[in-house]
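The structure under discussion appears below in the form of structure tokens.
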Amino acid sequence: MTQKAVKAGYENRTGYLFILPWIIGFTAFTLIPFVALFYFAFTDYDLLSSPGWVGLDNFIRMFTVDEKFLTSLKVTFFYVLTAIPLRLIFALFIAMLLNMKIRFVGLYRTAFYIPSIIGGSVAVAVMWGQLFGLNGAVNGIIGLFTGTSPNTSWIANPDTALWTLILMAVWQFGSPMIIFLAGLKNIPDSYYEAAVVDGANGFHRFVKITLPLLTPVILFNLVMQIIGGFMTFTQGLIITSGGPLDRTLFYQLYVYRQGFEFLDMGYAAALSCFLLLIVAVLTALVFKSSSAWVHYESKG
Amino acid sequence: MMPNTKKNASRLTVHLVCLLIGIVSLYPLVWMVASSLKESSQVFVSAHSLIPTSWDFGSYISGWRGFAGITFGTFFKNTIIIVCSVVTGTLVSCSLISYGFARIPFRLKGFWFATVMLTLLLPGQIVQIPQYIIFYKIGWVNTFLPLIVPAFFGSAFFIFLLLQFIRTIPYELDEAAKIDGCSRFGIFYRVILPLIKPALVTAAIFEFYWAWDNFFGALIYLGRPQLYTLSVALRLFADPSSGTDWSAMFAMATLSLIPPILVFFIFQRYIVEGISTTGLKG
């Protein structure tokens with residue numbers, strides 16, 4: 001063997017030694033479960049007896065019998081289509097405010113970011129539910145301004161329950177805000193100075209410089225937020241437990257109910273398969289459309 | 001003088017807007033702390049008020065008692081054990097793996113790296129049903145193992161984060177150490193590891209947040225109150241069917257948020273940089 005071949009063999013072994021944890025972990029915790037997902041989706045399985053093959057039954061049930069499946073799909077789409085754009089627009093607006101050279105910027109940024117840092121916790125979800133409850137602080141504050149407190153629980157009213165969760169999502173605008181802020185700081189001041197010399201007003205500068213140069217960051221935020229939006233679970237379980245009238249029955253919450261409350265693991269697996277398809281198609285669509293609206297600076 | 005006045009006026013507007021958003025951002029949290037200090041019967045009387053009529057720390061004592069004879073001490077302990085193990089596992093495994101990908105040429109590297117990138121885009125929740133079935137079959141349900149062990153085998157997010165960081169370290173440093181007689185592991189341990197400390201801190205903080213907040217995993221895997229983490233315990237504590245003691249509930253919720261908020265204030269710089277460069281965190 002040549003010395004080079006010996007060296008390559010050694011590098012090969014050490015390389016595999018370093019990534020061995022990944023190979024084991026990926027196989028055990030991602031690949032095998034992923035393959036198993038497709039198997040269980042075609043079975044009837046309650047964890048206790050052995051899984052029985054039912055062919056396409058689970059999928060037929062989803063589309064022909066199960067109205068809650070369609071309800072949860074609608075709820076989740078409505079949530080993603082409203083909460084994500086509102087959160088991103090708000091995040092961009094605040095990021096632009098914080099990008100100005102004003103005092104106390106660090107203080108503001110910290111205050112705005114705290115809701116996001118603790119946002120996924122049960123503590124915050126419980127708190128939100130009480131704020132918007134019948135005797136909650138929100139009604140009290142409305143009472144301060146209007147004289148009479150509304151006699152309604154925002155989370156128990158079918159018309160407003162989902163909106164309180166959307167509001168919570170907007171309240172946690174911190175992470176996309178910081179990503180936008182980093183993007184804004186990358187835009188050279190000279191672009192704006194040149195635009196001012198050419199007589200462009202603030203609106204023109206925003207549309208012609210800020211937005212186009214920010215499109216890669218917008219794309220990134222959009223993809224991350226859409227995927228995250230479809231996985232919404234904790235808020236729906238803790239604040240409204242899917243109600244009232246299934247108005248906040250998020251898709252993931254429905255998967256949880258089928259799998260862990262009704263022990264219908266086969267059906268829950270089929271639901272997960274369908275969610276995978278939705279997320280994959282949406283992500284692909286966003287990426288595909290991006291060539292039309294995302295502006296990459298040409299290198300060189 | 002005119003332009004200056006105009007500038008000052010617009011600055012004032014910006015500050016007012018920021019102040020308003022700051023109040024909206026923080027009001028719910030201050031309200032929660034205030035409610036924890038109110039007497040339970042007073043929480044929803046003039047609920048919006050932030051100042052308790054009488055300061056009552058009793059809710060912290062009654063809340064700490066927990067339920068089913070298990071105090072919040074147990075829930076805190078469980079959470080801390082899981083979070084510390086997960087953070088340790090992530091740092092050890094991800095730093096090794098990312099070094100392997102960044103610096104060592106080996107066969108099928110492209111393939112294995114593609115699995116990392118695919119896992120990055122695949123939301124973990126998609127495979128939670130089959131994962132649960134597997135852990136159930138091997139008898140790991142009702143132990144901490146399903147929450148801890150996977151962290152020791154790398155996580156795509158952090159491998160990617162550390163990899164990006166290692167790529168900025170000049171290759172000459174590796175070469176110099178090699179000439180000095182360092183083995184591959186020696187280079188990793190003595191040269192690379194000290195240099196990627198800031199990235200390791202960032203990864204540790206984010207993994208801390210995810211593990212501390214992990215509700216779904218704790219909910220499905222930990223079925224016995226002795227094993228509950230804070231998030232599951234808080235959920236049961238706030239059970240609407242059992243006449244919740246709300247000020248005690250808010251007291252424990254407040255306590256459960258202190259560690260994440262402390263970490264935020266201590267490591268703010270790393271958090272902001274971490275998000276800016278990688279877009280981590282929901």
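Residue numbers start at 1 in each chain; chains themselves are named A, B, ... in the order of the structure tokens; ligands are numbered from 1 in the order shown.
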Legend entry - Test item: chain A residues at most 6 Å from chain B, counting only C-alpha atoms, as an MDAnalysis selection string: chainID A and resid 12 15 18:19 21:22 25 33:34 36:37 111:112 120:123 135:137 140 179 182 272
Legend entry - Selection: 10 Å around Phe180 of chain A, only C-alpha atoms, excl. self and same-chain fewer than 4 positions, as a PyMOL selection string: (chain A and resi 88+91-96+99+174-176+184-186+214+217-218+221) or (chain B and resi 276+279)
Output the selection as an mmCIF file, in the first residue's frame - N, CA and C atoms for each residue.
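The result, stored in part.cif:
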```
data_model
loop_
_atom_site.group_PDB
_atom_site.id
_atom_site.type_symbol
_atom_site.label_atom_id
_atom_site.label_comp_id
_atom_site.auth_asym_id
_atom_site.auth_seq_id
_atom_site.Cartn_x
_atom_site.Cartn_y
_atom_site.Cartn_z
ATOM 1 N N LEU A 88 -44.674 38.766 11.040
ATOM 2 C CA LEU A 88 -43.516 39.198 10.254
ATOM 3 C C LEU A 88 -43.581 40.693 9.944
ATOM 4 N N ALA A 91 -42.740 42.454 13.091
ATOM 5 C CA ALA A 91 -41.322 42.286 13.390
ATOM 6 C C ALA A 91 -40.468 43.216 12.519
ATOM 7 N N LEU A 92 -40.847 43.335 11.243
ATOM 8 C CA LEU A 92 -40.076 44.193 10.329
ATOM 9 C C LEU A 92 -40.225 45.656 10.724
ATOM 10 N N PHE A 93 -41.475 46.029 11.062
ATOM 11 C CA PHE A 93 -41.731 47.416 11.460
ATOM 12 C C PHE A 93 -40.889 47.783 12.682
ATOM 13 N N ILE A 94 -40.903 46.917 13.697
ATOM 14 C CA ILE A 94 -40.133 47.210 14.916
ATOM 15 C C ILE A 94 -38.632 47.186 14.633
ATOM 16 N N ALA A 95 -38.204 46.244 13.802
ATOM 17 C CA ALA A 95 -36.775 46.183 13.486
ATOM 18 C C ALA A 95 -36.321 47.486 12.843
ATOM 19 N N MET A 96 -37.200 48.078 11.993
ATOM 20 C CA MET A 96 -36.819 49.343 11.356
ATOM 21 C C MET A 96 -36.756 50.479 12.372
ATOM 22 N N ASN A 99 -33.590 50.117 14.184
ATOM 23 C CA ASN A 99 -32.406 50.340 13.350
ATOM 24 C C ASN A 99 -32.044 51.819 13.287
ATOM 25 N N GLY A 174 -40.267 38.567 18.635
ATOM 26 C CA GLY A 174 -38.860 38.877 18.889
ATOM 27 C C GLY A 174 -37.843 38.222 17.964
ATOM 28 N N SER A 175 -37.999 36.896 17.697
ATOM 29 C CA SER A 175 -36.965 36.228 16.903
ATOM 30 C C SER A 175 -36.897 36.725 15.464
ATOM 31 N N PRO A 176 -38.037 36.775 14.741
ATOM 32 C CA PRO A 176 -37.929 37.349 13.396
ATOM 33 C C PRO A 176 -37.458 38.799 13.434
ATOM 34 N N LEU A 184 -31.093 44.321 8.253
ATOM 35 C CA LEU A 184 -31.099 45.775 8.023
ATOM 36 C C LEU A 184 -29.710 46.361 8.225
ATOM 37 N N LYS A 185 -28.987 45.839 9.230
ATOM 38 C CA LYS A 185 -27.661 46.375 9.510
ATOM 39 C C LYS A 185 -26.680 46.058 8.377
ATOM 40 N N ASN A 186 -27.004 45.046 7.576
ATOM 41 C CA ASN A 186 -26.129 44.678 6.459
ATOM 42 C C ASN A 186 -26.311 45.561 5.237
ATOM 43 N N LEU A 214 -33.763 43.020 1.551
ATOM 44 C CA LEU A 214 -34.140 42.207 2.702
ATOM 45 C C LEU A 214 -34.802 40.898 2.280
ATOM 46 N N VAL A 217 -33.696 37.543 3.694
ATOM 47 C CA VAL A 217 -34.037 37.383 5.107
ATOM 48 C C VAL A 217 -35.531 37.098 5.252
ATOM 49 N N ILE A 218 -36.353 37.770 4.427
ATOM 50 C CA ILE A 218 -37.800 37.535 4.473
ATOM 51 C C ILE A 218 -38.083 36.080 4.116
ATOM 52 N N ASN A 221 -37.162 33.870 7.100
ATOM 53 C CA ASN A 221 -38.161 33.999 8.164
ATOM 54 C C ASN A 221 -39.458 33.306 7.782
ATOM 55 N N SER B 276 -29.130 36.194 15.046
ATOM 56 C CA SER B 276 -28.815 36.952 13.834
ATOM 57 C C SER B 276 -28.119 36.079 12.798
ATOM 58 N N GLY B 279 -30.630 32.244 12.837
ATOM 59 C CA GLY B 279 -32.079 32.242 12.834
ATOM 60 C C GLY B 279 -32.674 31.165 13.713
#
```
Legend entry - Those of segment 37-85 of chain A in DSSP alpha helix (DSSP H), formatted as a list in words: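 Answer for segment 37-85 of chain A restricted to alpha helix (DSSP H) is Leu37, Phe38, Tyr39, Phe40, Asp57, Asn58, Phe59, Ile60, Glu67, Lys68, Phe69, Leu70, Thr71, Ser72, Leu73, Lys74, Val75, Thr76, Phe77, Phe78, Tyr79, Val80, Leu81, Thr82, Ala83, Ile84 and Pro85 of chain A.
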Legend entry - Exercise: Gly266 of chain A partners within 9 Å, only C-alpha atoms, chain neighbours under 6 positions left out, as a PyMOL selection string: (chain A and resi 37+39-46+51+58+258-259) or (chain B and resi 129)
Legend entry - For Leu134 of chain A, the nearest of the candidates A:Gln235, A:Asn151, A:Val65, A:Phe220, counting only C-alpha atoms: A:Asn151
Inset, instruction - Show which residues sit within 10 Å of Thr210 of chain A, as a ChimeraX atom specification. Count only C-alpha atoms, and ignore same-chain residues fewer than 5 positions away. - result: /A:96,183-184,187,191-192,203-205,215
Inset, instruction - For Gln252 of chain A, please output as an MDAnalysis selection string all residues within 8 Å (counting only C-alpha atoms; exclusion window: fewer than 4 positions along the same chain). - result: chainID A and resid 230:233 256
Expected file contents, prior selection, N, CA, C and O atoms, as a PDB file, in the first residue's frame:
```
ATOM      1  N   PHE A 230     -47.221  25.430  11.569  1.00  0.00           N
ATOM      2  CA  PHE A 230     -47.960  24.177  11.424  1.00  0.00           C
ATOM      3  C   PHE A 230     -47.758  23.253  12.610  1.00  0.00           C
ATOM      4  O   PHE A 230     -48.507  22.303  12.799  1.00  0.00           O
ATOM      5  N   MET A 231     -46.707  23.508  13.409  1.00  0.00           N
ATOM      6  CA  MET A 231     -46.430  22.642  14.548  1.00  0.00           C
ATOM      7  C   MET A 231     -47.049  23.193  15.839  1.00  0.00           C
ATOM      8  O   MET A 231     -46.802  22.662  16.919  1.00  0.00           O
ATOM      9  N   THR A 232     -47.798  24.277  15.757  1.00  0.00           N
ATOM     10  CA  THR A 232     -48.389  24.893  16.944  1.00  0.00           C
ATOM     11  C   THR A 232     -49.164  23.854  17.762  1.00  0.00           C
ATOM     12  O   THR A 232     -49.974  23.116  17.211  1.00  0.00           O
ATOM     13  N   PHE A 233     -48.886  23.820  19.056  1.00  0.00           N
ATOM     14  CA  PHE A 233     -49.524  22.797  19.876  1.00  0.00           C
ATOM     15  C   PHE A 233     -49.841  23.302  21.290  1.00  0.00           C
ATOM     16  O   PHE A 233     -51.001  23.318  21.707  1.00  0.00           O
ATOM     17  N   TYR A 256     -52.190  14.654  18.485  1.00  0.00           N
ATOM     18  CA  TYR A 256     -51.955  14.256  19.886  1.00  0.00           C
ATOM     19  C   TYR A 256     -53.178  13.536  20.453  1.00  0.00           C
ATOM     20  O   TYR A 256     -53.068  12.497  21.097  1.00  0.00           O
TER      21      TYR A 256
END
```
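Across the structure, atom CA of Leu162 of chain B and atom CA of Thr202 of chain B are spaced 9.5 Å apart.
Residues in contact with Ile80 of chain B at 9 Å, where only C-alpha atoms are counted and same-chain residues fewer than 5 positions away are skipped, are listed as Phe75, Ser85, Trp212 and Thr229 of chain B.
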Legend entry - Best match for closeness to Thr30 of chain A among B:Ala9, B:Ser40, B:Leu118, B:Ala68, counting only C-alpha atoms: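 That would be B:Leu118, the residue with the smallest distance to Thr30 of chain A.
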Legend entry - Point-to-point distance in Å for atom CA of Leu237 of chain A and atom CA of Thr160 of chain A: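 The value is 16.3 Å.
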Inset, instruction - Grab the atom CA of Val35 of chain A to atom CA of Leu120 of chain B distance for me, in Å with one decimal place. - result: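 Distance reported for this atom pair: 17.4 Å.
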Legend entry - Best match for closeness to Thr71 of chain A among A:Ser291, A:Thr283, A:Thr146, A:Thr248, counting only C-alpha atoms: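 When distances to Thr71 of chain A are compared using only C-alpha atoms, the smallest one comes from A:Thr248.
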